[in-house]
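Remarks on the structure that follows.
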Amino acid sequence: MRISRSPWLLHYDGSSCNGCDIEVLAATTPRFDVERFGIINTGNPKHADIFLCTGGVNAQNQDVVRQIYDQMPDPKVVLACGICACDGGIFKECYNILGGTDTVIPVDVYVPGCAVRPEAIIDGVVKALQILDDKKRRMKQEGYRSLTSEEYRKQLEEKRADGVKSDA
Amino acid sequence: MISTYGMAAILIYLVCSPFVASILSGVDRVVTARMQGRRGPSVMQAWWDLLKLFGKESTSVNDIQKILVAAHCFFAVFSGAIFFGGGDLLLVFFSLTMAEVFLILAAYSVNAAYSEIGAQRELLQMMAYEPMLLLTSVGFYLSTGSFAVSDIIRTDIPLICKMPGFFIGLCFILVIKLRKSPFDLATSHHAHQEIIKGLTGDLSGRIYGVSELAELYEEILMLGMAGLFFITSDPVSIVWALIAVAVVMFAMSLIDNVFPRVKWELLLRYSWLVTFFAGGTNLMVLLLQAKGL
Ligand code: SF4
């Protein structure tokens, strides 16, 4: 059974201007009937397979994003929706914004756009489903496990240190 | 002693229930979607969801949670096995209560806010439906002289003729038991945002799968109880019972869609009123009949 037949989705609003959220919510309302693909818009990270994040990560919600991500059981994918979630967007220079979702957790699919177009969201989810299936297969065959947010943080730090060294 | 038929029935129940129940919920989801003017998922959706859950990693806050959920599943399956094996209705009732209690304990054991609210509401929910469930067993006893399902199905006229009040009462609590209404109660299928699934909010992956499996077994048991009102010694009555169960399932979807935002206070009040009037009146009539009046 492919896991992509029953993807449960968790939507979290980082520090989005709500433009992207309106698009995402519209795409998950009964009018567009995402339930036909087995998608359930769940509010519970422990039941979710796809983490859809909108808006950048700020100083206050970084722990929330980490916690939601860590609570999701494997296999899981993270979808950054909107240019803010991709790299901070127009809020990038704000004093409280750390950057895109990938400043705190590993992101699998980036969906750009300001606000992100519904077609792009659907394309992104389709892409995410392929990755989800792939992760499931790797989990079975090679015992694959997603990075925890802590491991990811260390990895980022190492990369940064390497970057500083090579600059020097 | 369990008869050969009983054994066969238990075996069929154990093997087929999960699949049949998930197809039923799949059909239910499609019917619901059509009522709302949507296309809806495939009828296999609930089955795929279940398989997916078993393929996922499960994280648990403590080990006791796993044991409690397993016990919940065991007792849910056990109650169904007693029922379909022709056993005692009271035993079914007690074992079903036991199953619920284990799930509630599992929710309390994790010490999480939403699970706790879910557990409290599940207790209230039990308060709402248990009296009716117990009364129904008593009703079966009064009309057939036995609590054993194997004796009850030997009646000559379908019991719905003698116990229409109990049937209405049972249908009313089926809405709760099949996790339809109220939307803000425990593991209601709609409570995703309201209390983040409450009771099962802290179960994940395989453990959550086990609790879903138990729910599927329970669903078949509850539908079996509704069917019991139509079964007689004549084998053809099984067809009638199946039709009746299908009608009941459809009615449940309809009620759920017509009253999508029923809250638990309302349901508690109404379920007791229905128990008192529909169940109570029917009980009085049966008692008077038994006295030969
Ligand atoms: S990408 Fe644009 S619409 Fe979306 S949150 Fe950022 S600013 Fe708002």
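Residue numbers start at 1 in each chain; chains themselves are named A, B, ... in the order of the structure tokens; ligands are numbered from 1 in the order shown.
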Within 7 Å of ligand 1 (counting only C-alpha atoms and all ligand atoms), which residues show up? I'd like them as a list in words.
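If we count only C-alpha atoms and all ligand atoms, the neighbours of ligand 1 turn out to be Ser16, Cys17, Asn18, Gly19, Cys20, Thr54, Gly55, Gly82, Ile83, Cys84, Ala85, Gly89, Ile90, Gly113, Cys114, Ala115 and Val116 of chain A.
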Could you write those residues out with N, CA, C and O atoms, as a PDB file, in the first residue's frame?
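And here's selection.pdb as it stands now:
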```pdb
ATOM      1  N   SER A  16       3.246  34.211   8.680  1.00  0.00           N
ATOM      2  CA  SER A  16       2.767  34.593   7.359  1.00  0.00           C
ATOM      3  C   SER A  16       1.858  35.809   7.466  1.00  0.00           C
ATOM      4  O   SER A  16       1.339  36.114   8.533  1.00  0.00           O
ATOM      5  N   CYS A  17       1.681  36.533   6.348  1.00  0.00           N
ATOM      6  CA  CYS A  17       0.804  37.700   6.355  1.00  0.00           C
ATOM      7  C   CYS A  17      -0.636  37.253   6.179  1.00  0.00           C
ATOM      8  O   CYS A  17      -1.525  38.070   6.035  1.00  0.00           O
ATOM      9  N   ASN A  18      -0.853  35.919   6.176  1.00  0.00           N
ATOM     10  CA  ASN A  18      -2.154  35.264   5.986  1.00  0.00           C
ATOM     11  C   ASN A  18      -2.576  35.163   4.534  1.00  0.00           C
ATOM     12  O   ASN A  18      -3.582  34.547   4.242  1.00  0.00           O
ATOM     13  N   GLY A  19      -1.791  35.757   3.638  1.00  0.00           N
ATOM     14  CA  GLY A  19      -2.107  35.635   2.218  1.00  0.00           C
ATOM     15  C   GLY A  19      -2.000  34.180   1.795  1.00  0.00           C
ATOM     16  O   GLY A  19      -2.918  33.619   1.194  1.00  0.00           O
ATOM     17  N   CYS A  20      -0.882  33.541   2.166  1.00  0.00           N
ATOM     18  CA  CYS A  20      -0.684  32.146   1.792  1.00  0.00           C
ATOM     19  C   CYS A  20      -1.688  31.243   2.497  1.00  0.00           C
ATOM     20  O   CYS A  20      -2.163  30.272   1.929  1.00  0.00           O
ATOM     21  N   THR A  54       3.468  27.803   6.344  1.00  0.00           N
ATOM     22  CA  THR A  54       3.437  29.063   5.605  1.00  0.00           C
ATOM     23  C   THR A  54       4.108  30.135   6.455  1.00  0.00           C
ATOM     24  O   THR A  54       4.079  30.068   7.674  1.00  0.00           O
ATOM     25  N   GLY A  55       4.703  31.123   5.796  1.00  0.00           N
ATOM     26  CA  GLY A  55       5.328  32.221   6.534  1.00  0.00           C
ATOM     27  C   GLY A  55       6.695  31.849   7.068  1.00  0.00           C
ATOM     28  O   GLY A  55       7.035  30.674   7.197  1.00  0.00           O
ATOM     29  N   GLY A  82       4.866  29.307  -0.071  1.00  0.00           N
ATOM     30  CA  GLY A  82       5.006  30.766  -0.142  1.00  0.00           C
ATOM     31  C   GLY A  82       6.462  31.155  -0.010  1.00  0.00           C
ATOM     32  O   GLY A  82       7.257  30.430   0.593  1.00  0.00           O
ATOM     33  N   ILE A  83       6.796  32.310  -0.560  1.00  0.00           N
ATOM     34  CA  ILE A  83       8.194  32.710  -0.580  1.00  0.00           C
ATOM     35  C   ILE A  83       8.705  33.005   0.828  1.00  0.00           C
ATOM     36  O   ILE A  83       9.884  32.827   1.138  1.00  0.00           O
ATOM     37  N   CYS A  84       7.799  33.415   1.729  1.00  0.00           N
ATOM     38  CA  CYS A  84       8.216  33.659   3.117  1.00  0.00           C
ATOM     39  C   CYS A  84       8.701  32.375   3.759  1.00  0.00           C
ATOM     40  O   CYS A  84       9.698  32.351   4.471  1.00  0.00           O
ATOM     41  N   ALA A  85       7.949  31.278   3.527  1.00  0.00           N
ATOM     42  CA  ALA A  85       8.335  30.007   4.123  1.00  0.00           C
ATOM     43  C   ALA A  85       9.585  29.464   3.443  1.00  0.00           C
ATOM     44  O   ALA A  85      10.345  28.697   4.026  1.00  0.00           O
ATOM     45  N   GLY A  89      11.180  35.797   2.533  1.00  0.00           N
ATOM     46  CA  GLY A  89      10.405  36.706   1.682  1.00  0.00           C
ATOM     47  C   GLY A  89      10.587  38.169   2.040  1.00  0.00           C
ATOM     48  O   GLY A  89      11.678  38.601   2.421  1.00  0.00           O
ATOM     49  N   ILE A  90       9.485  38.923   1.961  1.00  0.00           N
ATOM     50  CA  ILE A  90       9.608  40.360   2.214  1.00  0.00           C
ATOM     51  C   ILE A  90       9.880  40.663   3.680  1.00  0.00           C
ATOM     52  O   ILE A  90      10.252  41.766   4.023  1.00  0.00           O
ATOM     53  N   GLY A 113       6.058  31.693  -4.460  1.00  0.00           N
ATOM     54  CA  GLY A 113       4.895  32.473  -4.866  1.00  0.00           C
ATOM     55  C   GLY A 113       4.476  33.397  -3.748  1.00  0.00           C
ATOM     56  O   GLY A 113       4.631  33.061  -2.588  1.00  0.00           O
ATOM     57  N   CYS A 114       4.004  34.586  -4.110  1.00  0.00           N
ATOM     58  CA  CYS A 114       3.554  35.516  -3.077  1.00  0.00           C
ATOM     59  C   CYS A 114       2.298  36.185  -3.573  1.00  0.00           C
ATOM     60  O   CYS A 114       2.382  37.067  -4.407  1.00  0.00           O
ATOM     61  N   ALA A 115       1.121  35.773  -3.173  1.00  0.00           N
ATOM     62  CA  ALA A 115       0.876  34.554  -2.407  1.00  0.00           C
ATOM     63  C   ALA A 115       0.982  33.339  -3.330  1.00  0.00           C
ATOM     64  O   ALA A 115       0.810  33.458  -4.527  1.00  0.00           O
ATOM     65  N   VAL A 116       1.231  32.201  -2.729  1.00  0.00           N
ATOM     66  CA  VAL A 116       1.409  30.981  -3.497  1.00  0.00           C
ATOM     67  C   VAL A 116       0.120  30.646  -4.248  1.00  0.00           C
ATOM     68  O   VAL A 116      -0.964  30.738  -3.696  1.00  0.00           O
TER      69      VAL A 116
END
```
Skipping near chain neighbours, those fewer than 3 positions away, what residues fall within 10 Å of Gly88 of chain A using only C-alpha atoms, listed as a list in words?
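The filter keeps Ser15, Ser16, Gly55, Gly56, Val57, Asn58, Gly82, Ile83, Cys84, Ala85, Phe91, Lys92, Glu93, Cys94, Ile97, Leu98, Gly99, Gly100, Thr101, Asp102 and Thr103 of chain A.
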Any chance you could export the current selection's N, CA and C atoms as a PDB file, in the first residue's frame?
```pdb
ATOM      1  N   SER A  15       4.996  33.000  10.454  1.00  0.00           N
ATOM      2  CA  SER A  15       4.659  34.422  10.563  1.00  0.00           C
ATOM      3  C   SER A  15       4.205  34.921   9.211  1.00  0.00           C
ATOM      4  N   SER A  16       3.246  34.211   8.680  1.00  0.00           N
ATOM      5  CA  SER A  16       2.767  34.593   7.359  1.00  0.00           C
ATOM      6  C   SER A  16       1.858  35.809   7.466  1.00  0.00           C
ATOM      7  N   GLY A  55       4.703  31.123   5.796  1.00  0.00           N
ATOM      8  CA  GLY A  55       5.328  32.221   6.534  1.00  0.00           C
ATOM      9  C   GLY A  55       6.695  31.849   7.068  1.00  0.00           C
ATOM     10  N   GLY A  56       7.480  32.869   7.393  1.00  0.00           N
ATOM     11  CA  GLY A  56       8.826  32.622   7.906  1.00  0.00           C
ATOM     12  C   GLY A  56       8.804  32.163   9.351  1.00  0.00           C
ATOM     13  N   VAL A  57       9.974  31.805   9.843  1.00  0.00           N
ATOM     14  CA  VAL A  57      10.074  31.397  11.238  1.00  0.00           C
ATOM     15  C   VAL A  57      10.599  32.595  12.021  1.00  0.00           C
ATOM     16  N   ASN A  58       9.949  32.895  13.150  1.00  0.00           N
ATOM     17  CA  ASN A  58      10.436  34.022  13.939  1.00  0.00           C
ATOM     18  C   ASN A  58      11.009  33.548  15.276  1.00  0.00           C
ATOM     19  N   GLY A  82       4.866  29.307  -0.071  1.00  0.00           N
ATOM     20  CA  GLY A  82       5.006  30.766  -0.142  1.00  0.00           C
ATOM     21  C   GLY A  82       6.462  31.155  -0.010  1.00  0.00           C
ATOM     22  N   ILE A  83       6.796  32.310  -0.560  1.00  0.00           N
ATOM     23  CA  ILE A  83       8.194  32.710  -0.580  1.00  0.00           C
ATOM     24  C   ILE A  83       8.705  33.005   0.828  1.00  0.00           C
ATOM     25  N   CYS A  84       7.799  33.415   1.729  1.00  0.00           N
ATOM     26  CA  CYS A  84       8.216  33.659   3.117  1.00  0.00           C
ATOM     27  C   CYS A  84       8.701  32.375   3.759  1.00  0.00           C
ATOM     28  N   ALA A  85       7.949  31.278   3.527  1.00  0.00           N
ATOM     29  CA  ALA A  85       8.335  30.007   4.123  1.00  0.00           C
ATOM     30  C   ALA A  85       9.585  29.464   3.443  1.00  0.00           C
ATOM     31  N   PHE A  91       9.691  39.683   4.559  1.00  0.00           N
ATOM     32  CA  PHE A  91       9.957  39.933   5.978  1.00  0.00           C
ATOM     33  C   PHE A  91      11.382  39.574   6.361  1.00  0.00           C
ATOM     34  N   LYS A  92      12.150  39.154   5.377  1.00  0.00           N
ATOM     35  CA  LYS A  92      13.478  38.594   5.629  1.00  0.00           C
ATOM     36  C   LYS A  92      14.348  39.490   6.522  1.00  0.00           C
ATOM     37  N   GLU A  93      14.270  40.806   6.278  1.00  0.00           N
ATOM     38  CA  GLU A  93      15.161  41.711   7.005  1.00  0.00           C
ATOM     39  C   GLU A  93      14.611  42.129   8.369  1.00  0.00           C
ATOM     40  N   CYS A  94      13.415  41.658   8.709  1.00  0.00           N
ATOM     41  CA  CYS A  94      12.831  42.094   9.988  1.00  0.00           C
ATOM     42  C   CYS A  94      13.676  41.596  11.155  1.00  0.00           C
ATOM     43  N   ILE A  97      12.698  37.992  12.425  1.00  0.00           N
ATOM     44  CA  ILE A  97      12.567  36.846  11.502  1.00  0.00           C
ATOM     45  C   ILE A  97      13.913  36.138  11.339  1.00  0.00           C
ATOM     46  N   LEU A  98      13.868  34.822  11.536  1.00  0.00           N
ATOM     47  CA  LEU A  98      15.107  34.043  11.380  1.00  0.00           C
ATOM     48  C   LEU A  98      15.352  33.673   9.925  1.00  0.00           C
ATOM     49  N   GLY A  99      14.267  33.534   9.178  1.00  0.00           N
ATOM     50  CA  GLY A  99      14.386  33.148   7.775  1.00  0.00           C
ATOM     51  C   GLY A  99      13.275  32.195   7.405  1.00  0.00           C
ATOM     52  N   GLY A 100      13.507  31.366   6.392  1.00  0.00           N
ATOM     53  CA  GLY A 100      12.493  30.407   5.958  1.00  0.00           C
ATOM     54  C   GLY A 100      12.361  29.256   6.935  1.00  0.00           C
ATOM     55  N   THR A 101      11.431  28.337   6.587  1.00  0.00           N
ATOM     56  CA  THR A 101      11.202  27.174   7.447  1.00  0.00           C
ATOM     57  C   THR A 101      12.490  26.367   7.621  1.00  0.00           C
ATOM     58  N   ASP A 102      13.336  26.361   6.569  1.00  0.00           N
ATOM     59  CA  ASP A 102      14.530  25.511   6.638  1.00  0.00           C
ATOM     60  C   ASP A 102      15.621  26.059   7.562  1.00  0.00           C
ATOM     61  N   THR A 103      15.330  27.163   8.245  1.00  0.00           N
ATOM     62  CA  THR A 103      16.309  27.592   9.252  1.00  0.00           C
ATOM     63  C   THR A 103      16.193  26.750  10.511  1.00  0.00           C
TER      64      THR A 103
END
```
Would you pick out the contacts of Leu178 of chain B at 9 Å or less, using only C-alpha atoms, so that residues sharing its chain but fewer than 6 positions from it are not included, and give the list as a count of residues only?
6
Please determine, counting only C-alpha atoms, which residue among A:Lys127, A:Lys140, A:Lys76, A:His47 has the shortest atom-to-atom distance to chain B.
A:His47
Taking into account only C-alpha atoms, which residue in the set A:Arg145, A:Arg66, A:Arg31, A:Arg153 is nearest to Gly37 of chain B?
A:Arg31
